[in-house]
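The structure file my_file.csv is reproduced below (CSV, C-alpha atoms).
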```
chain,number,residue,atom,x,y,z
A,975,MET,CA,133.4,147.4,83.5
A,976,ASN,CA,133.0,150.2,85.9
A,977,GLN,CA,130.9,152.1,83.4
A,978,GLN,CA,128.7,149.1,83.0
A,979,PHE,CA,128.2,148.8,86.7
A,980,GLU,CA,127.3,152.5,86.9
A,981,SER,CA,124.7,152.1,84.1
A,982,VAL,CA,123.2,149.1,85.9
A,983,LYS,CA,123.1,151.2,89.1
A,984,GLU,CA,121.4,154.0,87.2
A,985,ILE,CA,118.8,151.6,85.7
A,986,VAL,CA,118.0,150.2,89.2
A,987,ALA,CA,117.7,153.7,90.6
A,988,GLU,CA,115.4,154.8,87.8
A,989,PHE,CA,113.3,151.7,88.1
A,990,SER,CA,112.8,152.0,91.9
A,991,LYS,CA,112.0,155.7,91.4
A,992,SER,CA,109.4,154.9,88.8
A,993,TYR,CA,108.1,151.9,90.8
A,994,HIS,CA,107.5,154.1,93.8
A,995,LYS,CA,104.8,155.9,91.8
A,996,THR,CA,103.0,152.7,91.0
A,997,PRO,CA,99.5,152.4,92.5
A,998,GLN,CA,99.4,150.4,95.8
A,999,ARG,CA,97.0,147.8,94.4
A,1000,LEU,CA,99.5,147.0,91.7
A,1001,LYS,CA,102.3,146.7,94.2
A,1002,LEU,CA,100.2,144.3,96.2
A,1003,LEU,CA,99.6,142.2,93.1
A,1004,ASP,CA,103.3,142.3,92.4
A,1005,ALA,CA,104.1,141.2,95.9
A,1006,PHE,CA,101.6,138.3,95.6
A,1007,SER,CA,103.2,137.3,92.2
A,1008,ILE,CA,106.6,137.2,93.8
A,1009,CYS,CA,105.2,135.3,96.8
A,1010,ALA,CA,103.8,132.6,94.4
A,1011,LEU,CA,107.0,132.4,92.4
A,1012,ALA,CA,109.1,132.2,95.5
A,1013,THR,CA,107.0,129.3,96.8
A,1014,ALA,CA,107.4,127.5,93.5
A,1015,VAL,CA,111.1,128.0,93.6
A,1016,LEU,CA,111.3,126.7,97.2
A,1017,GLN,CA,109.4,123.6,96.2
A,1018,PHE,CA,111.7,123.0,93.3
A,1019,VAL,CA,114.7,123.4,95.6
A,1020,TYR,CA,113.1,120.9,98.0
A,1021,ALA,CA,112.6,118.4,95.1
A,1022,LYS,CA,116.2,118.9,94.0
A,1023,LEU,CA,117.7,118.6,97.5
A,1024,VAL,CA,115.5,116.0,99.2
A,1025,GLY,CA,113.6,114.1,96.5
A,1026,THR,CA,110.4,114.3,94.5
A,1027,PHE,CA,108.4,111.7,96.5
A,1028,PRO,CA,105.4,112.0,96.3
A,1029,PHE,CA,105.9,113.2,92.7
A,1030,ASN,CA,102.2,114.0,92.1
A,1031,ALA,CA,102.1,116.2,95.2
A,1032,PHE,CA,105.2,118.0,94.0
A,1033,LEU,CA,103.8,118.6,90.5
A,1034,ALA,CA,100.5,119.8,91.9
A,1035,GLY,CA,102.2,122.2,94.3
A,1036,PHE,CA,104.7,123.5,91.8
A,1037,PHE,CA,102.3,124.0,89.0
A,1038,CYS,CA,99.7,125.5,91.3
A,1039,CYS,CA,102.3,128.2,92.3
A,1040,VAL,CA,103.3,128.8,88.7
A,1041,GLY,CA,99.7,129.0,87.6
A,1042,THR,CA,98.9,131.4,90.4
A,1043,PHE,CA,101.9,133.5,89.3
A,1044,VAL,CA,100.8,133.6,85.7
A,1045,LEU,CA,97.1,134.4,86.5
A,1046,THR,CA,98.2,137.2,88.9
A,1047,LEU,CA,100.4,138.7,86.2
A,1048,ALA,CA,97.5,138.6,83.8
A,1049,LEU,CA,95.3,140.3,86.3
A,1050,ARG,CA,98.0,142.9,86.9
A,1051,MET,CA,98.2,143.7,83.2
A,1052,LYS,CA,94.5,144.3,83.2
A,1053,ALA,CA,94.6,146.3,86.4
A,1054,SER,CA,97.4,148.5,85.1
A,1055,GLU,CA,95.1,149.7,82.4
A,1056,ALA,CA,93.0,152.8,83.3
A,1057,GLY,CA,90.0,151.8,85.4
A,1058,GLY,CA,90.6,148.1,84.7
A,1059,GLY,CA,91.1,145.1,87.0
A,1060,VAL,CA,88.0,145.3,89.1
A,1061,ALA,CA,85.6,143.5,86.7
A,1062,GLU,CA,88.4,141.1,85.7
A,1063,PHE,CA,88.7,140.0,89.3
A,1064,GLY,CA,85.7,137.8,88.8
A,1065,GLY,CA,87.5,135.9,86.0
A,1066,TYR,CA,90.6,135.8,88.1
A,1067,ALA,CA,88.7,134.2,91.0
A,1068,LEU,CA,87.1,131.7,88.7
A,1069,ALA,CA,90.4,130.8,87.1
A,1070,MET,CA,92.1,130.4,90.6
A,1071,CYS,CA,89.2,128.2,91.9
A,1072,THR,CA,89.6,125.9,88.8
A,1073,LEU,CA,93.3,125.8,89.2
A,1074,PHE,CA,93.1,125.0,92.9
A,1075,LEU,CA,90.5,122.3,92.3
A,1076,ALA,CA,92.7,120.6,89.7
A,1077,SER,CA,95.7,120.9,92.0
A,1078,VAL,CA,93.9,119.5,95.1
A,1079,ASN,CA,92.6,116.6,92.9
A,1080,TYR,CA,96.1,115.9,91.7
A,1081,ILE,CA,97.7,116.0,95.2
A,1082,GLY,CA,95.7,112.9,96.0
B,1359,MET,CA,107.8,70.6,94.1
B,1360,THR,CA,110.0,69.2,96.7
B,1361,ARG,CA,109.7,72.2,98.9
B,1362,ALA,CA,105.9,72.2,98.5
B,1363,LEU,CA,105.9,68.6,99.6
B,1364,ALA,CA,108.1,69.3,102.5
B,1365,ALA,CA,105.9,72.2,103.5
B,1366,TYR,CA,102.8,69.9,103.2
B,1367,LEU,CA,104.6,67.4,105.4
B,1368,ALA,CA,105.4,70.0,108.0
B,1369,VAL,CA,101.8,71.3,108.0
B,1370,ALA,CA,100.4,67.8,108.1
B,1371,LEU,CA,102.6,66.9,111.0
B,1372,LEU,CA,101.6,70.0,112.8
B,1373,ILE,CA,98.0,69.2,112.3
B,1374,ALA,CA,98.4,65.6,113.3
B,1375,GLY,CA,100.3,66.6,116.4
B,1376,ALA,CA,98.1,69.4,117.5
B,1377,VAL,CA,94.6,68.1,116.8
B,1378,ALA,CA,93.2,64.8,117.8
B,1379,SER,CA,92.1,63.1,114.6
B,1380,ASP,CA,88.8,61.4,114.1
B,1381,ILE,CA,90.5,58.6,112.1
B,1382,THR,CA,92.1,55.8,114.2
B,1383,LEU,CA,94.4,53.2,112.8
B,1384,ALA,CA,94.8,49.7,114.2
B,1385,ASP,CA,96.8,46.5,113.4
B,1386,VAL,CA,99.4,48.5,111.5
B,1387,SER,CA,102.2,46.2,110.3
B,1388,VAL,CA,105.1,46.7,108.0
B,1389,SER,CA,106.6,43.7,106.4
B,1390,LEU,CA,109.3,43.0,103.9
B,1391,MET,CA,108.6,40.1,101.6
B,1392,GLU,CA,110.8,38.1,99.2
B,1393,ALA,CA,109.6,37.5,95.6
B,1394,SER,CA,108.5,34.0,96.8
B,1395,GLY,CA,106.1,35.6,99.3
B,1396,SER,CA,108.1,34.7,102.4
B,1397,ILE,CA,108.3,37.4,105.0
B,1398,VAL,CA,111.8,38.6,105.8
B,1399,ALA,CA,110.9,41.1,108.5
B,1400,SER,CA,107.7,42.2,110.0
B,1401,THR,CA,107.2,45.2,112.3
B,1402,SER,CA,104.1,46.0,114.2
B,1403,VAL,CA,103.5,49.8,114.6
B,1404,THR,CA,101.2,51.1,117.3
B,1405,GLY,CA,101.8,54.8,116.7
B,1406,PRO,CA,104.1,57.3,114.9
B,1407,SER,CA,107.5,55.8,115.1
B,1408,THR,CA,111.0,56.1,113.8
B,1409,ALA,CA,111.8,52.3,113.9
B,1410,ASN,CA,114.2,50.7,111.5
B,1411,LEU,CA,112.0,48.7,109.1
B,1412,GLY,CA,114.7,46.8,107.2
B,1413,THR,CA,116.1,46.9,103.8
B,1414,LEU,CA,114.0,47.0,100.6
B,1415,ASP,CA,116.2,45.7,97.8
B,1416,HIS,CA,115.2,45.1,94.2
B,1417,THR,CA,113.9,41.6,94.9
B,1418,ARG,CA,111.7,42.5,97.9
B,1419,THR,CA,108.3,44.1,98.4
B,1420,LEU,CA,107.4,46.4,101.2
B,1421,LYS,CA,103.9,45.8,102.4
B,1422,VAL,CA,102.0,48.0,104.9
B,1423,SER,CA,98.7,46.7,106.1
B,1424,LEU,CA,96.3,48.4,108.5
B,1425,THR,CA,92.7,48.8,109.5
B,1426,THR,CA,90.9,52.1,109.9
B,1427,SER,CA,87.9,53.3,111.8
B,1428,LEU,CA,86.2,56.5,112.5
B,1429,SER,CA,86.1,57.4,116.2
B,1430,ALA,CA,82.6,58.9,115.7
B,1431,ALA,CA,81.3,55.5,114.3
B,1432,PRO,CA,83.6,52.7,115.7
B,1433,GLY,CA,81.5,49.8,114.5
B,1434,GLU,CA,81.0,51.0,111.0
B,1435,ASP,CA,82.9,49.6,108.0
B,1436,PHE,CA,84.9,52.7,107.3
B,1437,ARG,CA,86.5,53.0,103.9
B,1438,PRO,CA,88.7,56.1,103.8
B,1439,GLN,CA,88.7,57.9,100.5
B,1440,GLN,CA,92.5,58.3,100.5
B,1441,VAL,CA,95.1,56.0,102.0
B,1442,PHE,CA,98.6,56.3,100.8
B,1443,LEU,CA,102.0,54.9,101.8
B,1444,ARG,CA,104.6,57.6,101.3
B,1445,LEU,CA,108.3,56.9,101.0
B,1446,THR,CA,110.3,60.1,101.3
B,1447,CYS,CA,114.0,60.0,100.4
B,1448,ARG,CA,116.0,61.4,103.3
B,1449,SER,CA,118.6,63.1,101.2
B,1450,SER,CA,116.5,64.8,98.5
B,1451,GLN,CA,113.1,64.9,100.2
B,1452,ASP,CA,111.6,63.5,97.0
B,1453,ALA,CA,108.6,61.3,97.8
B,1454,ALA,CA,107.0,58.3,96.1
B,1455,TYR,CA,103.3,57.6,96.8
B,1456,PHE,CA,101.5,54.2,96.8
B,1457,ALA,CA,97.8,54.0,97.1
B,1458,ALA,CA,96.4,51.4,99.5
B,1459,VAL,CA,93.8,48.9,98.4
B,1460,LYS,CA,91.4,46.7,100.3
B,1461,ALA,CA,92.1,43.1,100.9
B,1462,LYS,CA,89.5,40.4,101.0
B,1463,ASP,CA,89.6,40.3,104.8
B,1464,GLY,CA,88.7,44.0,104.9
B,1465,THR,CA,92.2,45.3,105.8
B,1466,LEU,CA,93.9,47.9,103.7
B,1467,TYR,CA,97.3,47.3,102.3
B,1468,ALA,CA,99.9,49.1,100.2
B,1469,THR,CA,102.9,47.6,98.5
B,1470,ALA,CA,106.0,49.2,97.2
B,1471,LYS,CA,109.0,47.9,95.2
B,1472,SER,CA,112.3,49.6,94.5
B,1473,ALA,CA,111.4,49.6,90.8
B,1474,ASP,CA,108.1,51.5,91.6
B,1475,ILE,CA,110.0,54.0,93.7
B,1476,GLN,CA,112.4,54.5,90.8
B,1477,LYS,CA,109.5,55.3,88.5
B,1478,GLN,CA,108.4,58.1,90.8
B,1479,VAL,CA,111.6,59.7,92.1
B,1480,GLY,CA,114.3,58.1,89.9
B,1481,LEU,CA,117.3,56.1,91.0
B,1482,GLN,CA,117.9,57.2,94.6
B,1483,SER,CA,119.0,54.5,96.9
B,1484,GLY,CA,119.5,55.0,100.7
B,1485,ALA,CA,117.3,55.8,103.6
B,1486,TYR,CA,113.6,56.6,103.1
B,1487,THR,CA,111.1,57.6,105.6
B,1488,ALA,CA,107.9,55.6,105.4
B,1489,ALA,CA,104.6,57.2,106.4
B,1490,ILE,CA,101.0,56.4,106.1
B,1491,ILE,CA,98.5,59.2,105.1
B,1492,VAL,CA,94.8,58.7,105.6
B,1493,GLY,CA,92.2,61.3,104.5
B,1494,ASP,CA,88.5,61.3,104.4
B,1495,THR,CA,85.9,64.1,104.1
B,1496,ARG,CA,84.1,62.7,107.2
B,1497,ALA,CA,87.2,63.2,109.3
B,1498,ALA,CA,87.9,66.5,110.9
B,1499,GLN,CA,91.6,66.2,110.1
B,1500,PRO,CA,93.7,63.9,107.9
B,1501,LEU,CA,96.0,61.5,109.6
B,1502,LEU,CA,99.7,61.1,109.1
B,1503,TRP,CA,101.8,58.4,110.8
B,1504,THR,CA,105.5,58.0,110.4
B,1505,LEU,CA,106.2,54.3,110.3
B,1506,GLY,CA,109.9,54.4,110.4
B,1507,GLU,CA,113.0,54.2,108.2
B,1508,VAL,CA,113.5,51.8,105.4
B,1509,GLN,CA,116.7,51.3,103.4
B,1510,VAL,CA,116.0,51.2,99.6
B,1511,LEU,CA,118.4,49.4,97.4
B,1512,HIS,CA,118.0,49.3,93.6
B,1513,ALA,CA,119.3,46.6,91.3
B,1514,PRO,CA,123.1,46.6,91.8
B,1515,LEU,CA,125.7,47.1,89.1
B,1516,ASP,CA,127.9,44.3,87.9
B,1517,ASP,CA,130.4,45.1,90.7
B,1518,GLY,CA,127.7,44.9,93.3
B,1519,SER,CA,127.6,48.7,94.0
B,1520,GLN,CA,124.5,50.8,93.9
B,1521,PRO,CA,123.9,52.8,90.7
B,1522,ALA,CA,124.4,56.5,90.9
B,1523,ALA,CA,121.4,58.7,91.5
B,1524,ALA,CA,119.6,59.5,88.2
B,1525,PRO,CA,116.1,60.6,87.1
B,1526,TYR,CA,113.8,57.8,85.8
B,1527,ARG,CA,112.8,59.5,82.6
B,1528,ALA,CA,115.2,61.0,80.0
B,1529,ILE,CA,113.1,64.1,79.8
B,1530,ASP,CA,113.7,64.8,83.6
B,1531,ARG,CA,117.4,65.1,82.8
B,1532,THR,CA,116.9,68.0,80.5
B,1533,HIS,CA,113.8,69.6,82.0
B,1534,LYS,CA,114.3,70.7,85.6
B,1535,PRO,CA,111.6,72.5,87.5
B,1536,LEU,CA,112.0,76.2,87.2
B,1537,LEU,CA,113.0,78.2,90.3
B,1538,GLU,CA,110.2,79.1,92.5
B,1539,ILE,CA,109.0,82.6,91.9
B,1540,VAL,CA,109.2,84.6,95.1
B,1541,HIS,CA,107.1,87.7,95.1
B,1542,MET,CA,109.0,90.8,95.7
B,1543,HIS,CA,107.3,93.8,97.1
B,1544,ARG,CA,108.1,97.1,95.6
B,1545,LEU,CA,110.7,98.9,97.6
B,1546,PRO,CA,109.4,102.0,99.3
B,1547,GLU,CA,110.4,105.3,97.8
B,1548,ARG,CA,113.2,107.2,99.5
B,1549,ARG,CA,111.6,109.5,101.9
B,1550,ALA,CA,113.0,112.5,103.7
B,1551,PRO,CA,113.1,112.5,107.5
B,1552,ALA,CA,109.9,114.1,109.0
B,1553,VAL,CA,112.0,117.0,110.5
B,1554,VAL,CA,113.3,118.0,107.1
B,1555,SER,CA,109.8,117.8,105.5
B,1556,VAL,CA,108.2,119.9,108.3
B,1557,LEU,CA,111.0,122.4,108.1
B,1558,PHE,CA,110.6,122.8,104.3
B,1559,THR,CA,106.8,123.1,104.8
B,1560,LEU,CA,107.4,126.1,107.0
B,1561,VAL,CA,110.0,127.5,104.6
B,1562,ALA,CA,107.5,127.1,101.6
B,1563,ALA,CA,104.8,128.8,103.7
B,1564,ALA,CA,107.1,131.6,104.6
B,1565,PRO,CA,106.5,133.7,101.4
B,1566,VAL,CA,102.8,133.9,102.2
B,1567,ALA,CA,103.6,135.2,105.7
B,1568,ILE,CA,106.1,137.6,104.3
B,1569,TYR,CA,103.5,138.8,101.7
B,1570,VAL,CA,101.0,139.5,104.5
B,1571,ALA,CA,103.7,141.4,106.4
B,1572,VAL,CA,104.7,143.4,103.3
B,1573,ALA,CA,101.1,144.1,102.4
B,1574,LEU,CA,100.4,145.5,105.9
B,1575,GLN,CA,103.6,147.5,105.8
B,1576,MET,CA,102.5,149.0,102.4
B,1577,GLY,CA,99.4,150.1,104.1
B,1578,ALA,CA,96.9,147.5,102.9
B,1579,ASN,CA,93.6,147.8,104.8
B,1580,LEU,CA,89.9,146.9,104.5
B,1581,LYS,CA,88.8,150.6,104.4
B,1582,GLY,CA,87.7,150.0,100.8
B,1583,PHE,CA,85.4,147.2,101.8
B,1584,PRO,CA,81.9,148.3,100.9
B,1585,SER,CA,79.6,149.4,103.7
B,1586,GLY,CA,75.8,150.0,103.7
B,1587,GLY,CA,73.9,148.5,100.7
B,1588,GLY,CA,76.9,146.8,99.1
B,1589,PHE,CA,78.1,145.2,102.3
B,1590,LEU,CA,75.9,142.1,102.1
B,1591,ALA,CA,76.9,141.2,98.5
B,1592,ALA,CA,80.6,141.8,99.2
B,1593,ALA,CA,80.5,139.8,102.4
B,1594,GLY,CA,78.6,137.0,100.5
B,1595,PHE,CA,81.2,137.0,97.7
B,1596,HIS,CA,84.2,136.8,100.1
B,1597,LEU,CA,82.5,134.2,102.3
B,1598,GLY,CA,81.6,132.2,99.1
B,1599,LEU,CA,85.3,132.2,98.0
B,1600,LEU,CA,86.4,131.2,101.5
B,1601,SER,CA,83.8,128.4,101.7
B,1602,ILE,CA,84.9,127.1,98.2
B,1603,LEU,CA,88.5,126.9,99.6
B,1604,GLY,CA,87.2,125.2,102.7
B,1605,LEU,CA,85.4,122.7,100.4
B,1606,TYR,CA,88.7,122.1,98.6
B,1607,LEU,CA,90.3,121.3,102.0
B,1608,LEU,CA,87.5,118.8,102.7
B,1609,PHE,CA,87.9,117.3,99.2
B,1610,TRP,CA,91.6,116.8,99.9
B,1611,LEU,CA,91.0,115.3,103.3
B,1612,ARG,CA,87.9,113.1,103.0
B,1613,LEU,CA,85.4,113.8,100.1
B,1614,THR,CA,85.4,112.3,96.7
B,1615,MET,CA,85.0,114.3,93.4
B,1616,VAL,CA,81.5,113.0,93.0
B,1617,GLN,CA,80.5,114.4,96.5
B,1618,THR,CA,82.5,117.6,96.0
B,1619,LEU,CA,81.2,118.7,92.6
B,1620,PRO,CA,77.4,119.2,93.5
B,1621,MET,CA,78.4,121.2,96.6
B,1622,LEU,CA,80.9,123.2,94.5
B,1623,ALA,CA,78.2,123.9,92.0
B,1624,VAL,CA,75.9,125.4,94.7
B,1625,LEU,CA,78.7,127.4,96.3
B,1626,SER,CA,79.9,128.6,92.9
B,1627,ALA,CA,76.4,129.8,91.9
B,1628,VAL,CA,75.9,131.7,95.2
B,1629,THR,CA,79.4,133.2,95.0
B,1630,ALA,CA,79.0,134.2,91.3
B,1631,ALA,CA,75.7,135.9,92.1
B,1632,PHE,CA,77.2,137.9,95.0
B,1633,GLY,CA,80.4,138.5,93.0
B,1634,SER,CA,78.6,139.9,90.0
B,1635,THR,CA,76.8,142.4,92.2
B,1636,THR,CA,79.9,143.3,94.1
B,1637,LEU,CA,82.1,143.7,91.1
B,1638,LYS,CA,79.5,145.8,89.3
B,1639,GLN,CA,79.3,148.1,92.3
B,1640,ALA,CA,83.1,148.2,92.7
B,1641,THR,CA,83.5,149.1,89.0
B,1642,GLY,CA,81.1,151.9,89.4
B,1643,ARG,CA,82.9,153.1,92.5
B,1644,GLY,CA,86.2,152.8,90.7
B,1645,SER,CA,85.1,154.9,87.7
B,1646,LYS,CA,83.6,157.5,90.1
B,1647,LEU,CA,87.0,157.7,91.9
B,1648,GLU,CA,88.8,158.3,88.7
```
Before anything else, please render the file you have as structure tokens.
Amino acid sequence: MNQQFESVKEIVAEFSKSYHKTPQRLKLLDAFSICALATAVLQFVYAKLVGTFPFNAFLAGFFCCVGTFVLTLALRMKASEAGGGVAEFGGYALAMCTLFLASVNYIG
Amino acid sequence: MTRALAAYLAVALLIAGAVASDITLADVSVSLMEASGSIVASTSVTGPSTANLGTLDHTRTLKVSLTTSLSAAPGEDFRPQQVFLRLTCRSSQDAAYFAAVKAKDGTLYATAKSADIQKQVGLQSGAYTAAIIVGDTRAAQPLLWTLGEVQVLHAPLDDGSQPAAAPYRAIDRTHKPLLEIVHMHRLPERRAPAVVSVLFTLVAAAPVAIYVAVALQMGANLKGFPSGGGFLAAAGFHLGLLSILGLYLLFWLRLTMVQTLPMLAVLSAVTAAFGSTTLKQATGRGSKLE
């Protein structure tokens, strides 16, 4: 048990050491992904605790956040490649605009 | 049916009480006649009354006679389109209607027998309220006069007692009117108190604020924003994206999809043009940096 805990600690330490070297723009994208995911989780918690009324607004908000998370992850994958990410930002902006339009339409 | 009639009666009474009618009644008399034609009791009514009009047993006929005139044309021979004698059972509120006809002398009269009442409301003996209803398209309001109370007695049983209440037709025994359908509004959804909703809105918005704080702490800045030649295109691209988001806000608050899409098409085209230039330049700069 203790050994397992030590190995987990080691993994975390190694991860944070490696992540420290990650370029700043990727860290920003990661932070934004986490932000979108956290918002989705908070909305889900609200729906569980308080209620889903109005349900369409809940779905729109929740899936908008999940969609943002997924799209940002896709952009991060491209951006992590050498020299990539800049040209893909156009596609990312288009996808986000479409996602937001659908979400706003569904909010009602 | 009974309720509807009762409601009609209430409305009609309200109308008759509140608004002066154009129709005027005169020489209203209520008489009870034996089969031989001799008058047992006669009551003269000069206005809505609650007088006791006597007993209408199975051998007698109730006769109401009256003359009508329009206040707008007093001398004219006025023949109202609808004149009815209504007998309403006090206990059940079921009503029997008898249309009035014109006599040779020009007066209107309506007659009712207990057997005729039985055909309309079934066997129901006891107190009935007699009323006269006059309606005509030339009159502003219909007129309703309560004439008084009449005791209706049906043909007695062998022991002299009144038969128990029963519907006239056999079919009425098996087929009762269905219950009135009362419209039920959909119950509103359970909603959280406003304080809870506002609090959760702030909580849900917190990650964005935290993200901005974290980004600033990580040293995010606008130093990489192009200056000189590329500035115009980059500014146009970012302003285009901002205006698209602003348009979405308007779409949410007041615009329709049909109004939004043309504006979105224009903004998208401008943003795409600026974006293409900006991203090309940024790619070039990025490859140079590497």
**Message:** Please determine, counting only C-alpha atoms, which residue among A:Ser981, A:Thr1046, A:Thr1072, A:Asn976 has the shortest atom-to-atom distance to chain B.
**Reply:**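 Distance minimum relative to chain B lands on A:Thr1072.
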**Request:** May I have the residues of chain A within 9 Å of chain B, counting all atoms listed in the file, written as a ChimeraX atom specification?
**Result:** /A:998-999,1001-1002,1005-1006,1008-1010,1012-1017,1020,1024-1028,1056-1064,1067-1068,1071,1074-1075,1078-1079,1081-1082
**Request:** Between A:Phe989, A:Leu1003, A:Ala1053, A:Phe1036, single out the one closest to Phe1018 (chain A), counting all atoms listed in the file.
**Result:**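 Using all atoms listed in the file, the shortest distance to Phe1018 (chain A) belongs to A:Phe1036.
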**Shell around Cys1447 (chain B) at 9 Å using all atoms listed in the file, local window under 2 positions removed, as a VMD selection string** = chain B and resid 1445 1449 to 1454 1479 1482 to 1487
Create the file for the chosen residues now, containing C-alpha atoms and written as a PDB file, in the coordinates of the input.
```pdb
ATOM      1  CA  LEU B1445     108.300  56.900 101.000  1.00  0.00           C
ATOM      2  CA  SER B1449     118.600  63.100 101.200  1.00  0.00           C
ATOM      3  CA  SER B1450     116.500  64.800  98.500  1.00  0.00           C
ATOM      4  CA  GLN B1451     113.100  64.900 100.200  1.00  0.00           C
ATOM      5  CA  ASP B1452     111.600  63.500  97.000  1.00  0.00           C
ATOM      6  CA  ALA B1453     108.600  61.300  97.800  1.00  0.00           C
ATOM      7  CA  ALA B1454     107.000  58.300  96.100  1.00  0.00           C
ATOM      8  CA  VAL B1479     111.600  59.700  92.100  1.00  0.00           C
ATOM      9  CA  GLN B1482     117.900  57.200  94.600  1.00  0.00           C
ATOM     10  CA  SER B1483     119.000  54.500  96.900  1.00  0.00           C
ATOM     11  CA  GLY B1484     119.500  55.000 100.700  1.00  0.00           C
ATOM     12  CA  ALA B1485     117.300  55.800 103.600  1.00  0.00           C
ATOM     13  CA  TYR B1486     113.600  56.600 103.100  1.00  0.00           C
ATOM     14  CA  THR B1487     111.100  57.600 105.600  1.00  0.00           C
TER      15      THR B1487
END
```
**Prompt:** When you draw a straight line from CA of Leu1428 (chain B) to CA of Asp1380 (chain B), how long is it in Å?
**Reply:**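 Calculated distance between CA of Leu1428 (chain B) and CA of Asp1380 (chain B) is 5.8 Å.
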**Request:** Point out the residue among B:Asp1463, B:Phe1632, B:Gly1604, B:Leu1545 with the least atom-to-atom distance to Phe1589 (chain B), counting all atoms listed in the file.
**Result:**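 When distances to Phe1589 (chain B) are compared using all atoms listed in the file, the smallest one comes from B:Phe1632.
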**Prompt:** At what distance in Å, to one decimal, does CA of Arg1437 (chain B) lie from CA of Arg1496 (chain B)?
**Reply:** 10.5 Å
**Message:** Using Å and a single decimal, report how far CA of Phe1442 (chain B) sits from CA of Arg1418 (chain B).
**Reply:** 19.2 Å
